[in-house]
Amino acid sequence: MGNSNDGTGQWSCCNDEQTLFIVLYIAFAAMTFALGYSLLLKPMRLITVFLHEMSHAIACWMTGGDVMQLQVYENEGGVTRYIGGTRCLIIPAGYIGASFFGMIFVILSGGRKTATFAASLFTFSLLLALCYSPNRTMVYLCLSYAILTLSFIIVEWYYYTPILQFVILFYGVFTSMFAVADIYDDTVRRSVQGSDAYACSTEVCRCCTPQCIGVQWALIAIIFQLFAIWVALVEMSDECEDLGWFECIHLSVDLQNFDLTERNWDFDGFWDP
């Protein structure tokens, strides 16, 4: 896109970090597309289900409800049992929330510190879920991924870098792509009574069919991922090397009356120590 000389902001592509990000993103996307439904990646599908159910739980907590149980089943289903809260926000939070987690993983994958933050938050979520009457599959899933992710954090900071950034990027790409596929399969291709889209259609937005709601959720998930790619590339650009996060975003979006008085959290690229 070239450099900017007028102060309105432009960012360039593609330096080494941006090129590596693009190559890895395409590779992980191809892997997900080719092997997404294979036995090899079933644990990742279960993790996406976990993020779906955790998103329901987060929406419940944010709206004043109490979560009674979080469960993920071996058949790649799941359930969140809760009391109270605002159902019009809790119902759509599952699919949209899983896509949102994928977006956050992709955005934070580009830096060592940010990837560590994402991995730590993910590990905390896995351990937190064990406090809400998990079934056996949920226990095995949460403990194994908590140990695995924590191991990558230790390797990243004490033995070899970069590796954690690649892991978090893979989490983000797979979660985002599988969330879109899951939305299509469960809400657009077919209408299942008792699904989130069906419940949303009957309780929240009665003017829309479950398929219509599913299409809206799929579009939101795709937009989340496109936004994640854009932010990651902007933050890795040469123009952002000595700038903070929001200063970098300002390179591409000319926000009126945007006055940043403090330096933001720096975003270091894939190969930065």
# chains A, B, ... in the order shown; residues from 1 in each chain; ligands from 1
call {"tool": "residues_around", "arguments": {"residues": "stretch 135-141 of chain A", "least_positions_apart": "5", "cutoff": "9 Å", "atoms": "only C-alpha atoms", "output": "list in words"}}
result
Pro43, Leu46, Ile47, Phe50, Leu70, Gln71, Val72, Tyr73, Glu74, Leu126, Ala129, Leu130 and Ala146 of chain A
call {"tool": "write_last_selection", "arguments": {"atoms": "N, CA, C and O atoms", "output": "PDB file, in the first residue's frame"}}
result
ATOM      1  N   PRO A  43      -9.630 -33.450  18.373  1.00  0.00           N
ATOM      2  CA  PRO A  43      -9.452 -32.630  19.586  1.00  0.00           C
ATOM      3  C   PRO A  43      -9.654 -31.142  19.335  1.00  0.00           C
ATOM      4  O   PRO A  43     -10.212 -30.432  20.181  1.00  0.00           O
ATOM      5  N   LEU A  46     -13.304 -30.451  19.187  1.00  0.00           N
ATOM      6  CA  LEU A  46     -13.861 -30.420  20.543  1.00  0.00           C
ATOM      7  C   LEU A  46     -13.513 -29.111  21.247  1.00  0.00           C
ATOM      8  O   LEU A  46     -14.317 -28.587  22.023  1.00  0.00           O
ATOM      9  N   ILE A  47     -12.325 -28.561  20.960  1.00  0.00           N
ATOM     10  CA  ILE A  47     -11.945 -27.272  21.534  1.00  0.00           C
ATOM     11  C   ILE A  47     -12.858 -26.169  21.011  1.00  0.00           C
ATOM     12  O   ILE A  47     -13.253 -25.258  21.748  1.00  0.00           O
ATOM     13  N   PHE A  50     -15.895 -26.404  22.902  1.00  0.00           N
ATOM     14  CA  PHE A  50     -15.653 -25.830  24.224  1.00  0.00           C
ATOM     15  C   PHE A  50     -15.771 -24.303  24.197  1.00  0.00           C
ATOM     16  O   PHE A  50     -16.403 -23.699  25.063  1.00  0.00           O
ATOM     17  N   LEU A  70     -21.116 -26.925  32.543  1.00  0.00           N
ATOM     18  CA  LEU A  70     -20.504 -26.834  31.214  1.00  0.00           C
ATOM     19  C   LEU A  70     -20.061 -28.230  30.804  1.00  0.00           C
ATOM     20  O   LEU A  70     -19.291 -28.867  31.521  1.00  0.00           O
ATOM     21  N   GLN A  71     -20.543 -28.694  29.653  1.00  0.00           N
ATOM     22  CA  GLN A  71     -20.169 -30.024  29.213  1.00  0.00           C
ATOM     23  C   GLN A  71     -19.903 -30.048  27.710  1.00  0.00           C
ATOM     24  O   GLN A  71     -20.566 -29.354  26.937  1.00  0.00           O
ATOM     25  N   VAL A  72     -18.922 -30.861  27.313  1.00  0.00           N
ATOM     26  CA  VAL A  72     -18.620 -31.131  25.909  1.00  0.00           C
ATOM     27  C   VAL A  72     -18.655 -32.642  25.739  1.00  0.00           C
ATOM     28  O   VAL A  72     -18.088 -33.380  26.538  1.00  0.00           O
ATOM     29  N   TYR A  73     -19.339 -33.105  24.679  1.00  0.00           N
ATOM     30  CA  TYR A  73     -19.515 -34.532  24.463  1.00  0.00           C
ATOM     31  C   TYR A  73     -18.603 -35.045  23.347  1.00  0.00           C
ATOM     32  O   TYR A  73     -18.192 -34.284  22.468  1.00  0.00           O
ATOM     33  N   GLU A  74     -18.314 -36.323  23.401  1.00  0.00           N
ATOM     34  CA  GLU A  74     -17.407 -36.926  22.431  1.00  0.00           C
ATOM     35  C   GLU A  74     -17.953 -36.842  21.008  1.00  0.00           C
ATOM     36  O   GLU A  74     -17.192 -36.845  20.042  1.00  0.00           O
ATOM     37  N   LEU A 126      -9.844 -22.861  30.250  1.00  0.00           N
ATOM     38  CA  LEU A 126      -9.941 -24.321  30.330  1.00  0.00           C
ATOM     39  C   LEU A 126     -10.041 -24.801  31.771  1.00  0.00           C
ATOM     40  O   LEU A 126     -10.858 -25.671  32.101  1.00  0.00           O
ATOM     41  N   ALA A 129     -13.431 -23.839  33.459  1.00  0.00           N
ATOM     42  CA  ALA A 129     -14.557 -24.685  33.047  1.00  0.00           C
ATOM     43  C   ALA A 129     -14.666 -25.944  33.897  1.00  0.00           C
ATOM     44  O   ALA A 129     -15.758 -26.511  34.046  1.00  0.00           O
ATOM     45  N   LEU A 130     -13.550 -26.380  34.484  1.00  0.00           N
ATOM     46  CA  LEU A 130     -13.565 -27.589  35.316  1.00  0.00           C
ATOM     47  C   LEU A 130     -14.330 -27.378  36.627  1.00  0.00           C
ATOM     48  O   LEU A 130     -14.624 -28.344  37.329  1.00  0.00           O
ATOM     49  N   ALA A 146      -4.848 -27.640  28.500  1.00  0.00           N
ATOM     50  CA  ALA A 146      -4.215 -26.728  29.446  1.00  0.00           C
ATOM     51  C   ALA A 146      -2.741 -27.082  29.614  1.00  0.00           C
ATOM     52  O   ALA A 146      -1.859 -26.210  29.601  1.00  0.00           O
TER      53      ALA A 146
END
call {"tool": "atom_distance", "arguments": {"atom1": "atom CA of A:Ile168", "atom2": "atom CA of A:Glu235"}}
result
16.3 Å
call {"tool": "closest_atom_pairs", "arguments": {"of": "stretch 67-160 of chain A", "to": "stretch 207-216 of chain A", "cutoff": "12 Å", "atoms": "only C-alpha atoms", "output": "Markdown table"}}
result
| residue | atom | partner | partner_atom | distance |
| --- | --- | --- | --- | --- |
| A:Ile91 | CA | A:Ile213 | CA | 11.5 |
| A:Pro92 | CA | A:Ile213 | CA | 9.3 |
| A:Gly94 | CA | A:Gly214 | CA | 12.0 |
| A:Tyr95 | CA | A:Gly214 | CA | 9.3 |
| A:Ile96 | CA | A:Gln216 | CA | 9.9 |
call {"tool": "closest_residue", "arguments": {"among": "A:Ser133, A:Ser120, A:Ser99, A:Thr63", "to": "A:Ile154", "atoms": "only C-alpha atoms"}}
result
A:Ser120
call {"tool": "atom_distance", "arguments": {"atom1": "atom CA of A:Glu53", "atom2": "atom CA of A:Cys88"}}
result
15.6 Å
call {"tool": "closest_residue", "arguments": {"among": "A:Leu164, A:Trp217, A:Leu169, A:Ala179", "to": "A:Ser151", "atoms": "only C-alpha atoms"}}
result
A:Leu164
call {"tool": "select_by_dssp", "arguments": {"residues": "stretch 92-230 of chain A", "states": "helix (DSSP H, G or I)", "output": "ChimeraX atom specification"}}
result
/A:92-108,112-129,136-158,164-188,196-203,210-230
call {"tool": "atom_distance", "arguments": {"atom1": "atom CA of A:Glu76", "atom2": "atom CA of A:Tyr132"}}
result
18.5 Å
call {"tool": "residues_around", "arguments": {"residues": "A:Gln193", "least_positions_apart": "4", "cutoff": "12 Å", "atoms": "only C-alpha atoms", "output": "ChimeraX atom specification"}}
result
/A:186-187,197-202,209-211
call {"tool": "closest_residue", "arguments": {"among": "A:Pro134, A:Gly172, A:Gly36, A:Pro162", "to": "A:Gln69", "atoms": "only C-alpha atoms"}}
result
A:Pro134
call {"tool": "closest_residue", "arguments": {"among": "A:Thr19, A:Gly65, A:Ser38, A:Ile104", "to": "A:Arg81", "atoms": "only C-alpha atoms"}}
result
A:Gly65
